[in-house]
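J.: My structure file target.cif, mmCIF, C-alpha atoms and all ligand atoms, is below:
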```
data_model
#
loop_
_atom_site.label_atom_id
_atom_site.label_comp_id
_atom_site.auth_asym_id
_atom_site.auth_seq_id
_atom_site.Cartn_x
_atom_site.Cartn_y
_atom_site.Cartn_z
CA VAL D 205 0.00 0.00 0.00
CA ALA D 206 1.40 3.39 -0.89
CA ALA D 207 0.93 6.48 1.26
CA LEU D 208 1.93 10.09 0.71
CA LEU D 209 3.81 11.26 3.79
CA PRO D 210 3.91 15.04 4.42
CA GLY D 211 6.79 16.64 2.55
CA THR D 212 8.12 13.35 1.22
CA ALA D 213 7.74 11.10 -1.75
CA TRP D 214 5.34 8.13 -1.90
CA ALA D 215 6.37 5.59 0.74
CA GLN D 216 5.38 1.93 1.16
CA LYS D 217 3.42 1.14 4.32
CA PRO D 218 4.78 -2.11 5.80
CA ILE D 219 2.68 -5.26 5.77
CA VAL D 220 1.35 -5.93 9.28
CA LEU D 221 1.45 -9.57 10.44
CA GLY D 222 -0.23 -10.74 13.66
CA PHE D 223 1.41 -13.90 14.98
CA SER D 224 0.07 -15.97 17.87
CA GLN D 225 2.76 -18.27 19.25
CA VAL D 226 2.06 -21.40 21.35
CA GLY D 227 4.37 -20.40 24.21
CA ALA D 228 7.97 -20.94 25.27
CA GLU D 229 7.69 -24.58 26.35
CA SER D 230 10.82 -25.93 24.65
CA GLU D 231 14.19 -25.15 23.09
CA TRP D 232 12.47 -25.76 19.75
CA ARG D 233 9.84 -23.11 20.46
CA THR D 234 12.44 -20.52 21.50
CA ALA D 235 14.28 -21.09 18.21
CA ASN D 236 10.99 -20.86 16.29
CA THR D 237 10.10 -17.52 17.92
CA GLU D 238 13.58 -16.17 17.18
CA SER D 239 13.30 -17.31 13.54
CA ILE D 240 9.93 -15.56 13.09
CA LYS D 241 11.04 -12.31 14.75
CA SER D 242 14.32 -12.04 12.84
CA ALA D 243 12.74 -12.99 9.50
CA ALA D 244 10.01 -10.34 9.95
CA LYS D 245 12.66 -7.71 10.64
CA GLU D 246 14.69 -8.83 7.65
CA ALA D 247 11.62 -8.75 5.36
CA GLY D 248 10.49 -5.31 6.59
CA ILE D 249 7.21 -6.77 7.89
CA GLU D 250 5.67 -5.21 11.00
CA LEU D 251 5.14 -8.07 13.45
CA LYS D 252 2.57 -8.07 16.23
CA PHE D 253 3.68 -11.02 18.37
CA SER D 254 1.64 -12.65 21.11
CA ASP D 255 2.68 -15.55 23.42
CA ALA D 256 -0.26 -17.78 24.44
CA GLN D 257 1.54 -19.65 27.24
CA GLN D 258 0.26 -23.00 25.92
CA LYS D 259 -3.40 -21.94 26.33
CA GLN D 260 -5.90 -22.09 23.47
CA GLU D 261 -8.09 -19.37 24.99
CA ASN D 262 -5.13 -16.97 24.90
CA GLN D 263 -4.57 -17.74 21.21
CA ILE D 264 -8.23 -17.13 20.42
CA LYS D 265 -8.07 -13.79 22.27
CA ALA D 266 -4.92 -12.81 20.36
CA ILE D 267 -6.50 -13.68 16.99
CA ARG D 268 -9.61 -11.64 17.86
CA SER D 269 -7.41 -8.72 18.79
CA PHE D 270 -5.53 -9.01 15.46
CA ILE D 271 -8.89 -8.94 13.67
CA ALA D 272 -9.93 -5.82 15.63
CA GLN D 273 -6.61 -4.17 14.71
CA LYS D 274 -7.22 -5.03 11.03
CA VAL D 275 -3.79 -6.57 10.48
CA ASP D 276 -2.99 -7.63 6.90
CA VAL D 277 -2.32 -11.31 7.64
CA ILE D 278 -2.76 -13.52 10.71
CA ALA D 279 -0.44 -16.47 11.34
CA PHE D 280 -0.50 -18.85 14.26
CA SER D 281 0.79 -22.15 15.52
CA PRO D 282 -2.30 -23.80 17.03
CA VAL D 283 -1.61 -25.31 20.45
CA VAL D 284 -4.23 -28.04 19.90
CA GLU D 285 -5.93 -29.29 16.73
CA SER D 286 -9.61 -28.71 17.47
CA GLY D 287 -11.89 -25.80 18.36
CA TRP D 288 -10.73 -23.18 15.87
CA GLU D 289 -13.65 -22.87 13.44
CA PRO D 290 -15.53 -19.96 15.09
CA VAL D 291 -12.51 -17.66 15.32
CA LEU D 292 -11.25 -18.65 11.86
CA ARG D 293 -14.68 -17.81 10.47
CA GLU D 294 -14.43 -14.38 12.12
CA ALA D 295 -11.09 -13.82 10.37
CA LYS D 296 -12.58 -14.93 7.06
CA ALA D 297 -15.55 -12.59 7.49
CA ALA D 298 -13.09 -9.75 8.12
CA LYS D 299 -11.24 -10.81 4.91
CA ILE D 300 -7.97 -11.36 6.76
CA PRO D 301 -5.98 -14.30 5.34
CA VAL D 302 -4.74 -16.86 7.87
CA VAL D 303 -1.54 -18.92 7.69
CA LEU D 304 -0.99 -21.98 9.90
CA THR D 305 2.62 -22.54 10.90
CA ASP D 306 4.13 -25.64 12.52
CA ARG D 307 0.87 -27.26 13.74
CA ALA D 308 -2.34 -28.08 11.90
CA VAL D 309 -6.02 -27.62 12.79
CA ASN D 310 -8.56 -30.38 12.14
CA THR D 311 -11.26 -28.35 10.45
CA LYS D 312 -12.96 -29.81 7.36
CA ASP D 313 -13.37 -26.34 5.89
CA THR D 314 -9.92 -25.73 4.46
CA SER D 315 -11.03 -22.37 3.05
CA LEU D 316 -10.54 -21.03 6.59
CA TYR D 317 -6.78 -20.81 6.05
CA VAL D 318 -4.57 -20.08 3.04
CA THR D 319 -1.71 -22.47 3.72
CA PHE D 320 -0.24 -24.76 6.37
CA MET D 321 3.56 -24.79 6.56
CA GLY D 322 5.56 -27.07 8.79
CA SER D 323 6.81 -30.59 9.39
CA ASP D 324 5.18 -33.91 8.60
CA PHE D 325 4.79 -35.12 12.19
CA VAL D 326 3.48 -38.58 11.20
CA GLU D 327 6.64 -39.11 9.15
CA GLU D 328 8.77 -38.01 12.12
CA GLY D 329 7.08 -40.71 14.22
CA ARG D 330 7.72 -43.24 11.45
CA LYS D 331 11.40 -42.27 11.29
CA ALA D 332 11.68 -42.83 15.06
CA GLY D 333 9.94 -46.22 14.68
CA ARG D 334 12.10 -47.33 11.75
CA TRP D 335 15.28 -46.44 13.64
CA LEU D 336 14.13 -48.53 16.61
CA VAL D 337 13.12 -51.54 14.50
CA GLU D 338 16.57 -51.53 12.87
CA LYS D 339 18.37 -51.04 16.20
CA MET D 340 16.49 -53.97 17.80
CA LYS D 341 16.42 -56.29 14.79
CA ASP D 342 18.47 -58.99 16.52
CA GLN D 343 16.65 -58.74 19.85
CA LYS D 344 14.65 -61.92 20.47
CA GLY D 345 12.56 -61.10 23.57
CA GLU D 346 10.04 -58.33 24.26
CA VAL D 347 11.02 -54.69 23.83
CA ASN D 348 9.21 -52.65 26.47
CA ILE D 349 8.72 -49.05 25.48
CA VAL D 350 7.61 -46.08 27.56
CA GLU D 351 6.32 -43.06 25.68
CA LEU D 352 6.39 -39.40 26.72
CA GLN D 353 3.69 -37.72 24.67
CA GLY D 354 3.55 -34.04 23.77
CA THR D 355 0.71 -31.70 24.72
CA VAL D 356 -2.63 -33.54 24.77
CA GLY D 357 -4.66 -32.82 21.63
CA SER D 358 -1.75 -31.17 19.78
CA ALA D 359 -0.94 -32.20 16.22
CA PRO D 360 2.64 -33.30 16.98
CA ALA D 361 1.53 -35.48 19.91
CA ILE D 362 -1.25 -37.15 17.89
CA ASP D 363 0.81 -37.61 14.72
CA ARG D 364 4.12 -38.68 16.28
CA LYS D 365 2.30 -41.38 18.25
CA LYS D 366 0.47 -42.53 15.13
CA GLY D 367 3.58 -42.71 12.90
CA PHE D 368 5.64 -44.55 15.51
CA GLU D 369 2.90 -47.11 16.24
CA GLU D 370 2.32 -47.68 12.53
CA ILE D 371 5.93 -48.93 12.19
CA ILE D 372 6.42 -50.88 15.42
CA LYS D 373 3.11 -52.78 15.13
CA ALA D 374 4.70 -54.90 12.37
CA ASP D 375 6.55 -56.86 15.10
CA ALA D 376 4.69 -58.04 18.21
CA LYS D 377 7.85 -57.92 20.33
CA PHE D 378 7.49 -54.11 20.55
CA LYS D 379 5.16 -53.13 23.38
CA ILE D 380 4.28 -49.66 24.63
CA ILE D 381 3.85 -50.42 28.33
CA ARG D 382 3.26 -46.82 29.52
CA SER D 383 2.31 -43.66 27.65
CA GLN D 384 1.62 -40.31 29.23
CA THR D 385 1.92 -36.63 28.41
CA GLY D 386 4.93 -34.61 29.50
CA ASP D 387 3.52 -31.46 27.83
CA PHE D 388 6.71 -30.97 25.76
CA THR D 389 8.62 -29.58 28.80
CA ARG D 390 11.78 -30.77 30.59
CA ALA D 391 10.20 -30.51 34.05
CA LYS D 392 7.18 -32.64 33.09
CA GLY D 393 9.35 -35.09 31.14
CA LYS D 394 11.42 -35.69 34.26
CA GLU D 395 8.39 -35.98 36.53
CA VAL D 396 6.58 -38.50 34.30
CA MET D 397 9.75 -40.54 33.70
CA GLU D 398 10.21 -40.78 37.48
CA ALA D 399 6.70 -42.24 37.70
CA PHE D 400 7.43 -44.68 34.83
CA LEU D 401 10.62 -45.83 36.57
CA LYS D 402 8.82 -46.26 39.86
CA ALA D 403 6.13 -48.39 38.24
CA GLU D 404 8.22 -50.41 35.75
CA GLY D 405 11.87 -50.06 36.85
CA LYS D 406 14.32 -52.29 34.97
CA LYS D 407 11.54 -53.62 32.72
CA ILE D 408 11.88 -50.48 30.58
CA ASN D 409 14.05 -51.04 27.48
CA VAL D 410 13.20 -47.96 25.42
CA LEU D 411 12.02 -44.39 25.94
CA TYR D 412 10.29 -42.69 23.02
CA ALA D 413 9.89 -38.96 23.78
CA HIS D 414 7.88 -36.73 21.44
CA ASN D 415 10.50 -33.98 21.86
CA ASP D 416 14.08 -33.48 23.02
CA ASP D 417 13.20 -31.38 26.06
CA MET D 418 11.14 -34.19 27.61
CA ALA D 419 13.94 -36.67 26.79
CA ILE D 420 16.49 -34.40 28.49
CA GLY D 421 14.28 -34.18 31.60
CA ALA D 422 13.85 -37.97 31.52
CA ILE D 423 17.61 -38.52 31.22
CA GLN D 424 17.99 -36.74 34.56
CA ALA D 425 15.34 -39.01 36.11
CA ILE D 426 17.08 -42.12 34.72
CA GLU D 427 20.45 -41.04 36.14
CA GLU D 428 18.91 -40.21 39.50
CA ALA D 429 17.44 -43.74 39.54
CA GLY D 430 21.00 -45.10 39.19
CA MET D 431 20.63 -46.22 35.57
CA LYS D 432 22.60 -45.30 32.45
CA PRO D 433 20.63 -43.38 29.78
CA ALA D 434 21.21 -44.60 26.20
CA LYS D 435 22.70 -47.84 27.58
CA ASP D 436 20.26 -49.36 30.10
CA ILE D 437 17.42 -47.57 28.33
CA VAL D 438 17.57 -46.72 24.62
CA ILE D 439 16.32 -43.15 24.12
CA ILE D 440 14.72 -41.77 20.97
CA SER D 441 13.42 -38.22 20.69
CA ILE D 442 12.38 -35.59 18.17
CA ASP D 443 13.51 -32.03 17.23
CA ALA D 444 17.33 -32.32 17.01
CA VAL D 445 17.94 -29.12 18.99
CA LYS D 446 21.43 -28.31 20.28
CA GLY D 447 20.56 -29.68 23.73
CA ALA D 448 19.91 -33.07 22.12
CA PHE D 449 23.25 -32.96 20.30
CA GLU D 450 24.99 -32.22 23.61
CA ALA D 451 23.21 -35.20 25.17
CA MET D 452 24.18 -37.44 22.23
CA ILE D 453 27.82 -36.31 22.38
CA ALA D 454 27.78 -37.09 26.12
CA GLY D 455 26.49 -40.58 25.22
CA LYS D 456 23.12 -40.12 26.96
CA LEU D 457 20.70 -39.97 24.01
CA ASN D 458 20.68 -42.48 21.14
CA VAL D 459 18.96 -40.58 18.35
CA SER D 460 17.01 -37.44 17.55
CA VAL D 461 14.69 -37.05 14.57
CA GLU D 462 14.90 -33.58 13.07
CA CYS D 463 11.99 -31.13 13.24
CA SER D 464 13.05 -27.71 12.00
CA PRO D 465 11.76 -24.62 13.82
CA LEU D 466 13.29 -22.26 11.26
CA LEU D 467 10.00 -21.35 9.62
CA GLY D 468 10.41 -17.56 9.72
CA PRO D 469 11.80 -16.92 6.22
CA GLN D 470 9.20 -19.25 4.61
CA LEU D 471 6.41 -17.53 6.53
CA MET D 472 7.48 -14.03 5.49
CA ALA D 473 7.78 -15.11 1.84
CA ALA D 474 4.23 -16.54 1.97
CA VAL D 475 2.88 -13.39 3.67
CA LYS D 476 4.37 -11.23 0.89
CA ASP D 477 2.97 -13.52 -1.82
CA ILE D 478 -0.49 -13.50 -0.24
CA LYS D 479 -0.49 -9.69 -0.06
CA ALA D 480 0.66 -9.53 -3.69
CA GLY D 481 -2.25 -11.77 -4.69
CA LYS D 482 0.02 -14.64 -5.75
CA ALA D 483 -1.02 -18.28 -5.37
CA VAL D 484 0.52 -20.09 -2.39
CA PRO D 485 0.56 -23.91 -2.06
CA LYS D 486 -1.99 -25.23 0.45
CA ARG D 487 0.68 -27.33 2.19
CA ILE D 488 4.38 -26.47 2.51
CA VAL D 489 6.34 -29.36 4.06
CA THR D 490 9.67 -28.84 5.81
CA GLU D 491 12.49 -31.19 4.78
CA GLU D 492 14.21 -32.96 7.65
CA GLY D 493 16.70 -35.69 8.56
CA ILE D 494 17.55 -37.97 11.48
CA PHE D 495 20.71 -37.86 13.64
CA PRO D 496 21.96 -40.89 15.57
CA MET D 497 24.53 -40.31 18.37
CA GLU D 498 27.36 -41.66 16.18
CA VAL D 499 27.21 -38.57 13.91
CA ALA D 500 26.42 -35.98 16.62
CA ALA D 501 29.92 -34.57 17.17
CA LYS D 502 30.49 -34.15 13.43
CA GLU D 503 27.10 -32.54 12.84
CA MET D 504 27.06 -30.22 15.87
CA PRO D 505 28.98 -27.34 14.20
CA ASN D 506 26.39 -27.27 11.39
CA ARG D 507 23.38 -26.96 13.70
CA LYS D 508 21.53 -23.65 13.56
CA TYR D 509 19.17 -24.19 16.53
O1 LIG S 1 5.03 -28.29 17.28
C1 LIG S 1 6.36 -28.60 17.35
C2 LIG S 1 6.72 -29.12 18.71
O2 LIG S 1 6.37 -28.18 19.68
C3 LIG S 1 8.16 -29.41 18.96
O3 LIG S 1 8.56 -30.67 18.57
C4 LIG S 1 8.22 -29.29 20.44
O4 LIG S 1 9.51 -29.27 20.98
C5 LIG S 1 7.46 -28.05 20.59
O5 LIG S 1 7.13 -27.70 21.86
#
```
Written as structure tokens, how would this file's structure read?
Ligand code: AHR

T.:
Amino acid sequence: VAALLPGTAWAQKPIVLGFSQVGAESEWRTANTESIKSAAKEAGIELKFSDAQQKQENQIKAIRSFIAQKVDVIAFSPVVESGWEPVLREAKAAKIPVVLTDRAVNTKDTSLYVTFMGSDFVEEGRKAGRWLVEKMKDQKGEVNIVELQGTVGSAPAIDRKKGFEEIIKADAKFKIIRSQTGDFTRAKGKEVMEAFLKAEGKKINVLYAHNDDMAIGAIQAIEEAGMKPAKDIVIISIDAVKGAFEAMIAGKLNVSVECSPLLGPQLMAAVKDIKAGKAVPKRIVTEEGIFPMEVAAKEMPNRKY
């Protein structure tokens, strides 16, 4: 939009983007926030940023406030999958395009958002499962797994569980003996792992954590219980943040599946395209790898988050 400022030439008014973030629950999320803020600055986009502290009602409030402020585009990373239709309809009625980043919503009406950009969480779960199946291929007896789930009702918790189970169900020796949420935080990961250890003790062969932070909390619980993480209990987690690389280099975490938080530049490019009336793909999938502990020291200098 062009505006004539007093005594000056025509100047471009910046695009205004309202972004509602989930919270600051993990190392991943901190890196994601940083990526969005720095990319907005770089792109000359005015960012209105709001932290929902892991609460859906706070995100709904933030979106309503962006609508009232008539921002150009709204983007958000939905804490849970369901319950978004009313507020998304309000945005549509106000003709404000919405971009989903990182996490999906489960609405049938896909006209309520322009695009969803982020990881394939089901595939991340599958990668974790495939790594485990390969690792345990010569194991004859049962493999008892405990699972630390992410936030209840969130897309990554639902999808990472689904993808992992889809792979391990091919062999009956794999059994998930306990599964509980650790809300994607270190503190909760530790607390729930303590409870798992109390209930199952040495029976536990594998920990599958839906993110690195919960795995790092659980590692502490395992050590405090007098056991050796990554040796007595095989540990698999997701994100591949620097904290996970440190744990792998220290020999305490076996593998981390990558989930990139660096969505800022992609988001700003999409926001500009939307404002320019260009077509944007409905789904933009982030490309990611998997890092076992054996490659951690070599890879660490290349990590950006
Ligand atoms: O939605 C992405 C997930 O949210 C990350 O894996 C986790 O660390 C974060 O809290």

J.: Please extract the residues at most 6 Å from ligand LIG 1 (chain S), counting only C-alpha atoms and all ligand atoms, and provide them as number ranges by chain, using the chain letters and residue numbers of this document.

T.: D: 229-230, 232-233, 306-307, 360, 388, 415, 443

J.: Taking (5.4, -41.4, 16.5) as a centre in this file's frame and 10 Å as the limit, can you find every polymer residue with an atom that close, using all atoms listed in the file, and give them as JSON, numbers by chain?

T.: {"D": [325, 326, 327, 328, 329, 330, 331, 332, 333, 351, 353, 360, 361, 362, 363, 364, 365, 366, 367, 368, 369, 370, 371, 372, 412, 413, 414, 441, 442]}

J.: Save out the residues we just selected, C-alpha atoms, as a short mmCIF file (atom, residue, chain, number, x, y, z; two decimals), in the frame of the given file.

T.:
```
data_model
loop_
_atom_site.label_atom_id
_atom_site.label_comp_id
_atom_site.auth_asym_id
_atom_site.auth_seq_id
_atom_site.Cartn_x
_atom_site.Cartn_y
_atom_site.Cartn_z
CA PHE D 325 4.79 -35.12 12.19
CA VAL D 326 3.48 -38.58 11.20
CA GLU D 327 6.64 -39.11 9.15
CA GLU D 328 8.77 -38.01 12.12
CA GLY D 329 7.08 -40.71 14.22
CA ARG D 330 7.72 -43.24 11.45
CA LYS D 331 11.40 -42.27 11.29
CA ALA D 332 11.68 -42.83 15.06
CA GLY D 333 9.94 -46.22 14.68
CA GLU D 351 6.32 -43.06 25.68
CA GLN D 353 3.69 -37.72 24.67
CA PRO D 360 2.64 -33.30 16.98
CA ALA D 361 1.53 -35.48 19.91
CA ILE D 362 -1.25 -37.15 17.89
CA ASP D 363 0.81 -37.61 14.72
CA ARG D 364 4.12 -38.68 16.28
CA LYS D 365 2.30 -41.38 18.25
CA LYS D 366 0.47 -42.53 15.13
CA GLY D 367 3.58 -42.71 12.90
CA PHE D 368 5.64 -44.55 15.51
CA GLU D 369 2.90 -47.11 16.24
CA GLU D 370 2.32 -47.68 12.53
CA ILE D 371 5.93 -48.93 12.19
CA ILE D 372 6.42 -50.88 15.42
CA TYR D 412 10.29 -42.69 23.02
CA ALA D 413 9.89 -38.96 23.78
CA HIS D 414 7.88 -36.73 21.44
CA SER D 441 13.42 -38.22 20.69
CA ILE D 442 12.38 -35.59 18.17
#
```

J.: Every residue with an atom at most 12 Å from (8.4, -16.8, 19.0) (file coordinates; only C-alpha atoms) is what I'm after, so could you write them as number ranges by chain?

T.: D: 222-244, 251-257, 279-281, 305-306, 465-468

J.: Atoms to include: C-alpha atoms. Write the selected residues as a compact mmCIF listing (two decimals), in the frame of the given file.

T.:
```
# COMPACT_ATOMS: atom_id res chain seq x y z
CA GLY D 222 -0.23 -10.74 13.66
CA PHE D 223 1.41 -13.90 14.98
CA SER D 224 0.07 -15.97 17.87
CA GLN D 225 2.76 -18.27 19.25
CA VAL D 226 2.06 -21.40 21.35
CA GLY D 227 4.37 -20.40 24.21
CA ALA D 228 7.97 -20.94 25.27
CA GLU D 229 7.69 -24.58 26.35
CA SER D 230 10.82 -25.93 24.65
CA GLU D 231 14.19 -25.15 23.09
CA TRP D 232 12.47 -25.76 19.75
CA ARG D 233 9.84 -23.11 20.46
CA THR D 234 12.44 -20.52 21.50
CA ALA D 235 14.28 -21.09 18.21
CA ASN D 236 10.99 -20.86 16.29
CA THR D 237 10.10 -17.52 17.92
CA GLU D 238 13.58 -16.17 17.18
CA SER D 239 13.30 -17.31 13.54
CA ILE D 240 9.93 -15.56 13.09
CA LYS D 241 11.04 -12.31 14.75
CA SER D 242 14.32 -12.04 12.84
CA ALA D 243 12.74 -12.99 9.50
CA ALA D 244 10.01 -10.34 9.95
CA LEU D 251 5.14 -8.07 13.45
CA LYS D 252 2.57 -8.07 16.23
CA PHE D 253 3.68 -11.02 18.37
CA SER D 254 1.64 -12.65 21.11
CA ASP D 255 2.68 -15.55 23.42
CA ALA D 256 -0.26 -17.78 24.44
CA GLN D 257 1.54 -19.65 27.24
CA ALA D 279 -0.44 -16.47 11.34
CA PHE D 280 -0.50 -18.85 14.26
CA SER D 281 0.79 -22.15 15.52
CA THR D 305 2.62 -22.54 10.90
CA ASP D 306 4.13 -25.64 12.52
CA PRO D 465 11.76 -24.62 13.82
CA LEU D 466 13.29 -22.26 11.26
CA LEU D 467 10.00 -21.35 9.62
CA GLY D 468 10.41 -17.56 9.72
```

J.: Find, counting only C-alpha atoms, the residue in D:Ile271, D:Met418, D:Val356, D:Met452 that gets nearest to D:Ala434.

T.: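 Smallest distance to D:Ala434 is found for D:Met452.
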
J.: How far is it from atom CA of D:Leu336 to atom CA of D:Ala308, in Å with one decimal?

T.: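 That distance, rounded to one decimal, is 26.7 Å.
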
J.: Between atom CA of D:Lys265 and atom CA of D:Asn310, what is the distance in Å, rounded to a tenth?

T.: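 Computing it gives 19.4 Å between the two atoms.
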
J.: Please compute the atom CA of D:Val484-atom CA of D:Ala247 distance, one decimal, in Å.

T.: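 Atom-to-atom, atom CA of D:Val484 and atom CA of D:Ala247 are spaced 17.7 Å apart.
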
J.: Per residue of stretch 286-368 of chain D within 10 Å of stretch 473-482 of chain D, what are the shortest atom pair and its distance in Å to one decimal, counting all atoms listed in the file, with rows by chain and residue number, as JSON lines?

T.:
```
{"residue": "D:Pro301", "atom": "CA", "partner": "D:Ile478", "partner_atom": "CA", "distance": 7.9}
{"residue": "D:Val302", "atom": "CA", "partner": "D:Val475", "partner_atom": "CA", "distance": 9.4}
{"residue": "D:Val303", "atom": "CA", "partner": "D:Val475", "partner_atom": "CA", "distance": 8.1}
{"residue": "D:Val318", "atom": "CA", "partner": "D:Ile478", "partner_atom": "CA", "distance": 8.4}
{"residue": "D:Thr319", "atom": "CA", "partner": "D:Ala474", "partner_atom": "CA", "distance": 8.6}
{"residue": "D:Met321", "atom": "CA", "partner": "D:Ala474", "partner_atom": "CA", "distance": 9.5}
```

J.: Write out as a PyMOL selection string which residues come within 8 Å of D:Ser460 when counting all atoms listed in the file, dropping same-chain ones fewer than 2 positions away.

T.: chain D and resi 332+416+440-444+448+457-458+462+494-496

J.: Filtering to C-alpha atoms, could you give me those residues as a tab-separated table (two decimals), keeping the file's coordinate frame?

T.:
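part.tsv, freshly written:
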```
chain	number	residue	atom	x	y	z
D	332	ALA	CA	11.68	-42.83	15.06
D	416	ASP	CA	14.08	-33.48	23.02
D	440	ILE	CA	14.72	-41.77	20.97
D	441	SER	CA	13.42	-38.22	20.69
D	442	ILE	CA	12.38	-35.59	18.17
D	443	ASP	CA	13.51	-32.03	17.23
D	444	ALA	CA	17.33	-32.32	17.01
D	448	ALA	CA	19.91	-33.07	22.12
D	457	LEU	CA	20.70	-39.97	24.01
D	458	ASN	CA	20.68	-42.48	21.14
D	462	GLU	CA	14.90	-33.58	13.07
D	494	ILE	CA	17.55	-37.97	11.48
D	495	PHE	CA	20.71	-37.86	13.64
D	496	PRO	CA	21.96	-40.89	15.57
```

J.: Which one of D:Phe270, D:Asp342, D:Lys446, D:Cys463 sits closest to D:Pro505 if you count all atoms listed in the file?

T.: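 Between D:Phe270, D:Asp342, D:Lys446, D:Cys463, the residue approaching D:Pro505 most closely is D:Lys446.
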
J.: Will you model N, CA and C atoms for stretch 461-477 of chain D and pass it back as a PDB file, keeping the file's coordinate frame?

T.:
```pdb
ATOM      1  N   VAL D 461      15.266 -37.260  15.899  1.00  0.00           N
ATOM      2  CA  VAL D 461      14.690 -37.050  14.570  1.00  0.00           C
ATOM      3  C   VAL D 461      14.518 -35.541  14.394  1.00  0.00           C
ATOM      4  N   GLU D 462      14.931 -35.039  13.261  1.00  0.00           N
ATOM      5  CA  GLU D 462      14.900 -33.580  13.070  1.00  0.00           C
ATOM      6  C   GLU D 462      13.487 -33.035  12.838  1.00  0.00           C
ATOM      7  N   CYS D 463      13.217 -31.894  13.486  1.00  0.00           N
ATOM      8  CA  CYS D 463      11.990 -31.130  13.240  1.00  0.00           C
ATOM      9  C   CYS D 463      12.434 -29.676  13.225  1.00  0.00           C
ATOM     10  N   SER D 464      12.449 -29.055  12.072  1.00  0.00           N
ATOM     11  CA  SER D 464      13.050 -27.710  12.000  1.00  0.00           C
ATOM     12  C   SER D 464      12.103 -26.615  12.466  1.00  0.00           C
ATOM     13  N   PRO D 465      12.576 -25.764  13.388  1.00  0.00           N
ATOM     14  CA  PRO D 465      11.760 -24.620  13.820  1.00  0.00           C
ATOM     15  C   PRO D 465      11.997 -23.368  12.973  1.00  0.00           C
ATOM     16  N   LEU D 466      12.880 -23.468  11.988  1.00  0.00           N
ATOM     17  CA  LEU D 466      13.290 -22.260  11.260  1.00  0.00           C
ATOM     18  C   LEU D 466      12.296 -21.900  10.155  1.00  0.00           C
ATOM     19  N   LEU D 467      11.083 -21.594  10.579  1.00  0.00           N
ATOM     20  CA  LEU D 467      10.000 -21.350   9.620  1.00  0.00           C
ATOM     21  C   LEU D 467       9.837 -19.881   9.251  1.00  0.00           C
ATOM     22  N   GLY D 468      10.586 -19.001   9.930  1.00  0.00           N
ATOM     23  CA  GLY D 468      10.410 -17.560   9.720  1.00  0.00           C
ATOM     24  C   GLY D 468      10.532 -17.110   8.276  1.00  0.00           C
ATOM     25  N   PRO D 469      11.653 -17.412   7.594  1.00  0.00           N
ATOM     26  CA  PRO D 469      11.800 -16.920   6.220  1.00  0.00           C
ATOM     27  C   PRO D 469      10.684 -17.403   5.284  1.00  0.00           C
ATOM     28  N   GLN D 470      10.294 -18.690   5.432  1.00  0.00           N
ATOM     29  CA  GLN D 470       9.200 -19.250   4.610  1.00  0.00           C
ATOM     30  C   GLN D 470       7.888 -18.488   4.875  1.00  0.00           C
ATOM     31  N   LEU D 471       7.652 -18.221   6.162  1.00  0.00           N
ATOM     32  CA  LEU D 471       6.410 -17.530   6.530  1.00  0.00           C
ATOM     33  C   LEU D 471       6.372 -16.131   5.919  1.00  0.00           C
ATOM     34  N   MET D 472       7.474 -15.407   6.020  1.00  0.00           N
ATOM     35  CA  MET D 472       7.480 -14.030   5.490  1.00  0.00           C
ATOM     36  C   MET D 472       7.315 -14.029   3.966  1.00  0.00           C
ATOM     37  N   ALA D 473       7.928 -15.024   3.308  1.00  0.00           N
ATOM     38  CA  ALA D 473       7.780 -15.110   1.840  1.00  0.00           C
ATOM     39  C   ALA D 473       6.305 -15.350   1.495  1.00  0.00           C
ATOM     40  N   ALA D 474       5.651 -16.244   2.248  1.00  0.00           N
ATOM     41  CA  ALA D 474       4.230 -16.540   1.970  1.00  0.00           C
ATOM     42  C   ALA D 474       3.373 -15.308   2.244  1.00  0.00           C
ATOM     43  N   VAL D 475       3.653 -14.586   3.320  1.00  0.00           N
ATOM     44  CA  VAL D 475       2.880 -13.390   3.670  1.00  0.00           C
ATOM     45  C   VAL D 475       2.977 -12.367   2.518  1.00  0.00           C
ATOM     46  N   LYS D 476       4.179 -12.188   2.004  1.00  0.00           N
ATOM     47  CA  LYS D 476       4.370 -11.230   0.890  1.00  0.00           C
ATOM     48  C   LYS D 476       3.598 -11.689  -0.351  1.00  0.00           C
ATOM     49  N   ASP D 477       3.685 -12.988  -0.645  1.00  0.00           N
ATOM     50  CA  ASP D 477       2.970 -13.520  -1.820  1.00  0.00           C
ATOM     51  C   ASP D 477       1.463 -13.335  -1.665  1.00  0.00           C
TER      52      ASP D 477
END
```
